[in-house]
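Taking it in order: structure first as structure tokens, then the write-up.
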Amino acid sequence: MALTKYKPTTPTRRFTVLLKSEKRNNPEKSLLSPMKSKAGRNNQGRITTRHQGGGVKRRYRNIDFKRDKYDVPAVVKSIEYDPNRTANIALLVYKDGEKRYIIAPSGLKEGAILVSGEKAPINIGNSLPLKNIPLGATIYNIEIRRGKGGQLVRSAGALAQIQSMDKGYVQIKLPSGEIRLVNGENYATIGGVGNEELINIKLGKAGRSRYLGIRPGVRGMAMHAEQHPHGGGEGKGQVGGVAKDIWGNRRGRNTRKNKVSSRFIIKRRKGKKLNK
């Protein structure tokens, strides 16, 4: 997707870089659901995630992560913008008339024919069991549990690679560098997630962040000492040389608690150790 730069008619326009947008109007009504803004609050109205709120009203696009309509060909009707994720989505129209949204892979064009199933050809956008995908192939939308739908590698520009197969498991290298074993019966989609240029955009103004529902954040060093461990203005740097959050917890600590699945991790991402 092409990037759009603007003439420097204002200070904001001088540095703004945006994507040439995909189709934004008239999404498929049958695949839309209402979406209420939570503004970072829980069911008691208390803020549990800071710096969220406001933003443009949006509706949720129901995405088919399972790809469980097997051996039925579908035509790609359109590639559309999705306000709820970084990737674009593709509208599929199946031979029997059913319509579904999927995450659009890089290189997918309108009019392409896609199919899901064990005997599907190795083409971009087709979904197959991992055991039927050749070594070295790039994949995305990978299932962790059979039938639950894709949970891994779904953001813009992301892709994983199949490295080896052994005893019913497939060794996959994830975008983070982590190497993980996944059951060969689980489904994945051929290709990589599209919209790779998203990383190069520059919003250009604070208001554009507010459209996305992102509220301002304040640096700890700009606060009073009573408000943040980094505050107070008594010289730069963190107290004790350790970065902390607003509650005094050490930043960057390991938060992974699911040690049951650690046996499926061959290699953690760079700088991390296995929790066994």
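Residues are named by chain letter and number: chains run A, B, ... in the order of the structure tokens, numbers start at 1 in each chain, and ligands are numbered from 1 in the order shown.
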
task: Identify, on the basis of only C-alpha atoms, every residue whose closest approach to range 173-180 of chain A does not exceed 7 Å; exclude the query and any residue fewer than 5 positions from it along the same chain; express the result as an MDAnalysis selection string.
output: chainID A and resid 158:163 264:270

- prompt: Gly55 in chain A: which residues within 9 Å, counting only C-alpha atoms, same-chain residues fewer than 6 positions away excluded, as a ChimeraX atom specification?
  reply: /A:37,209-215

Selection above as a file: N, CA and C atoms, as a short mmCIF file (atom, residue, chain, number, x, y, z; two decimals), in the first residue's frame:
data_model
loop_
_atom_site.label_atom_id
_atom_site.label_comp_id
_atom_site.auth_asym_id
_atom_site.auth_seq_id
_atom_site.Cartn_x
_atom_site.Cartn_y
_atom_site.Cartn_z
N SER A 37 -17.69 1.67 23.48
CA SER A 37 -16.40 2.12 23.98
C SER A 37 -16.33 1.99 25.49
N SER A 209 -4.44 11.17 17.15
CA SER A 209 -4.38 10.14 18.20
C SER A 209 -5.70 10.07 18.96
N ARG A 210 -6.31 11.23 19.18
CA ARG A 210 -7.59 11.26 19.89
C ARG A 210 -8.68 10.58 19.06
N TYR A 211 -8.63 10.69 17.71
CA TYR A 211 -9.59 9.99 16.88
C TYR A 211 -9.52 8.48 17.12
N LEU A 212 -8.31 7.99 17.40
CA LEU A 212 -8.08 6.56 17.61
C LEU A 212 -8.40 6.11 19.03
N GLY A 213 -8.83 7.04 19.89
CA GLY A 213 -9.16 6.68 21.27
C GLY A 213 -7.97 6.67 22.20
N ILE A 214 -6.88 7.33 21.80
CA ILE A 214 -5.66 7.38 22.62
C ILE A 214 -5.61 8.73 23.33
N ARG A 215 -5.64 8.72 24.65
CA ARG A 215 -5.55 9.95 25.43
C ARG A 215 -4.09 10.24 25.80
#

task: Tell me, as a VMD selection string, which residues lie within 10 Å of Ser33 in chain A, counting only C-alpha atoms; anything in the same chain fewer than 3 positions away does not count.
output: chain A and resid 29 to 30 36 58 to 62

message: What's around Ile124 in chain A at 10 Å? Count only C-alpha atoms, leave out sequence neighbours fewer than 5 positions away in its own chain, and write the answer as a ChimeraX atom specification.
response: /A:104-108,112-114,138-139,189-192

For N, CA and C atoms, I'd like the residues from the last selection saved as a short mmCIF file (atom, residue, chain, number, x, y, z; two decimals), in the first residue's frame.
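So selection34.cif came out as:
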data_model
loop_
_atom_site.label_atom_id
_atom_site.label_comp_id
_atom_site.auth_asym_id
_atom_site.auth_seq_id
_atom_site.Cartn_x
_atom_site.Cartn_y
_atom_site.Cartn_z
N ALA A 104 -6.66 -9.87 5.58
CA ALA A 104 -6.13 -9.85 4.21
C ALA A 104 -4.62 -10.06 4.20
N PRO A 105 -4.13 -11.08 3.48
CA PRO A 105 -2.68 -11.28 3.38
C PRO A 105 -2.06 -10.31 2.38
N SER A 106 -0.76 -10.15 2.47
CA SER A 106 -0.04 -9.29 1.54
C SER A 106 -0.09 -9.88 0.14
N GLY A 107 -0.41 -9.05 -0.84
CA GLY A 107 -0.45 -9.50 -2.23
C GLY A 107 -1.80 -10.00 -2.70
N LEU A 108 -2.78 -10.08 -1.81
CA LEU A 108 -4.11 -10.56 -2.22
C LEU A 108 -4.81 -9.48 -3.05
N ALA A 112 -9.57 -12.77 -6.59
CA ALA A 112 -8.83 -14.01 -6.35
C ALA A 112 -9.78 -15.07 -5.77
N ILE A 113 -9.46 -16.35 -6.04
CA ILE A 113 -10.23 -17.47 -5.54
C ILE A 113 -9.49 -18.09 -4.36
N LEU A 114 -10.15 -18.17 -3.21
CA LEU A 114 -9.55 -18.76 -2.01
C LEU A 114 -10.36 -19.99 -1.59
N THR A 138 5.78 -19.32 4.51
CA THR A 138 5.37 -18.27 5.45
C THR A 138 3.88 -18.40 5.71
N ILE A 139 3.48 -18.22 6.96
CA ILE A 139 2.10 -18.41 7.37
C ILE A 139 1.68 -17.32 8.36
N THR A 189 -2.92 -19.98 7.75
CA THR A 189 -3.16 -19.41 6.43
C THR A 189 -1.84 -19.10 5.75
N ILE A 190 -1.76 -19.39 4.44
CA ILE A 190 -0.55 -19.18 3.67
C ILE A 190 -0.32 -17.68 3.42
N GLY A 191 0.92 -17.22 3.60
CA GLY A 191 1.28 -15.83 3.33
C GLY A 191 1.63 -15.08 4.60
N GLY A 192 1.68 -13.76 4.48
CA GLY A 192 1.92 -12.89 5.62
C GLY A 192 0.86 -11.81 5.64
#

Residues of range 15-64 of chain A within 12 Å of range 199-207 of chain A: nearest atom pair and distance (Å, one decimal) for each, counting only C-alpha atoms, sorted by chain and number, as a Markdown table?
| residue | atom | partner | partner_atom | distance |
| --- | --- | --- | --- | --- |
| A:Phe15 | CA | A:Gly204 | CA | 5.8 |
| A:Thr16 | CA | A:Gly204 | CA | 4.4 |
| A:Val17 | CA | A:Lys202 | CA | 4.8 |
| A:Leu18 | CA | A:Ile201 | CA | 5.1 |
| A:Leu19 | CA | A:Ile201 | CA | 6.8 |
| A:Lys20 | CA | A:Ile201 | CA | 10.4 |
| A:Ser21 | CA | A:Ile201 | CA | 11.9 |
| A:Gly54 | CA | A:Gly207 | CA | 11.0 |
| A:Gly55 | CA | A:Gly207 | CA | 9.6 |
| A:Val56 | CA | A:Gly207 | CA | 11.2 |
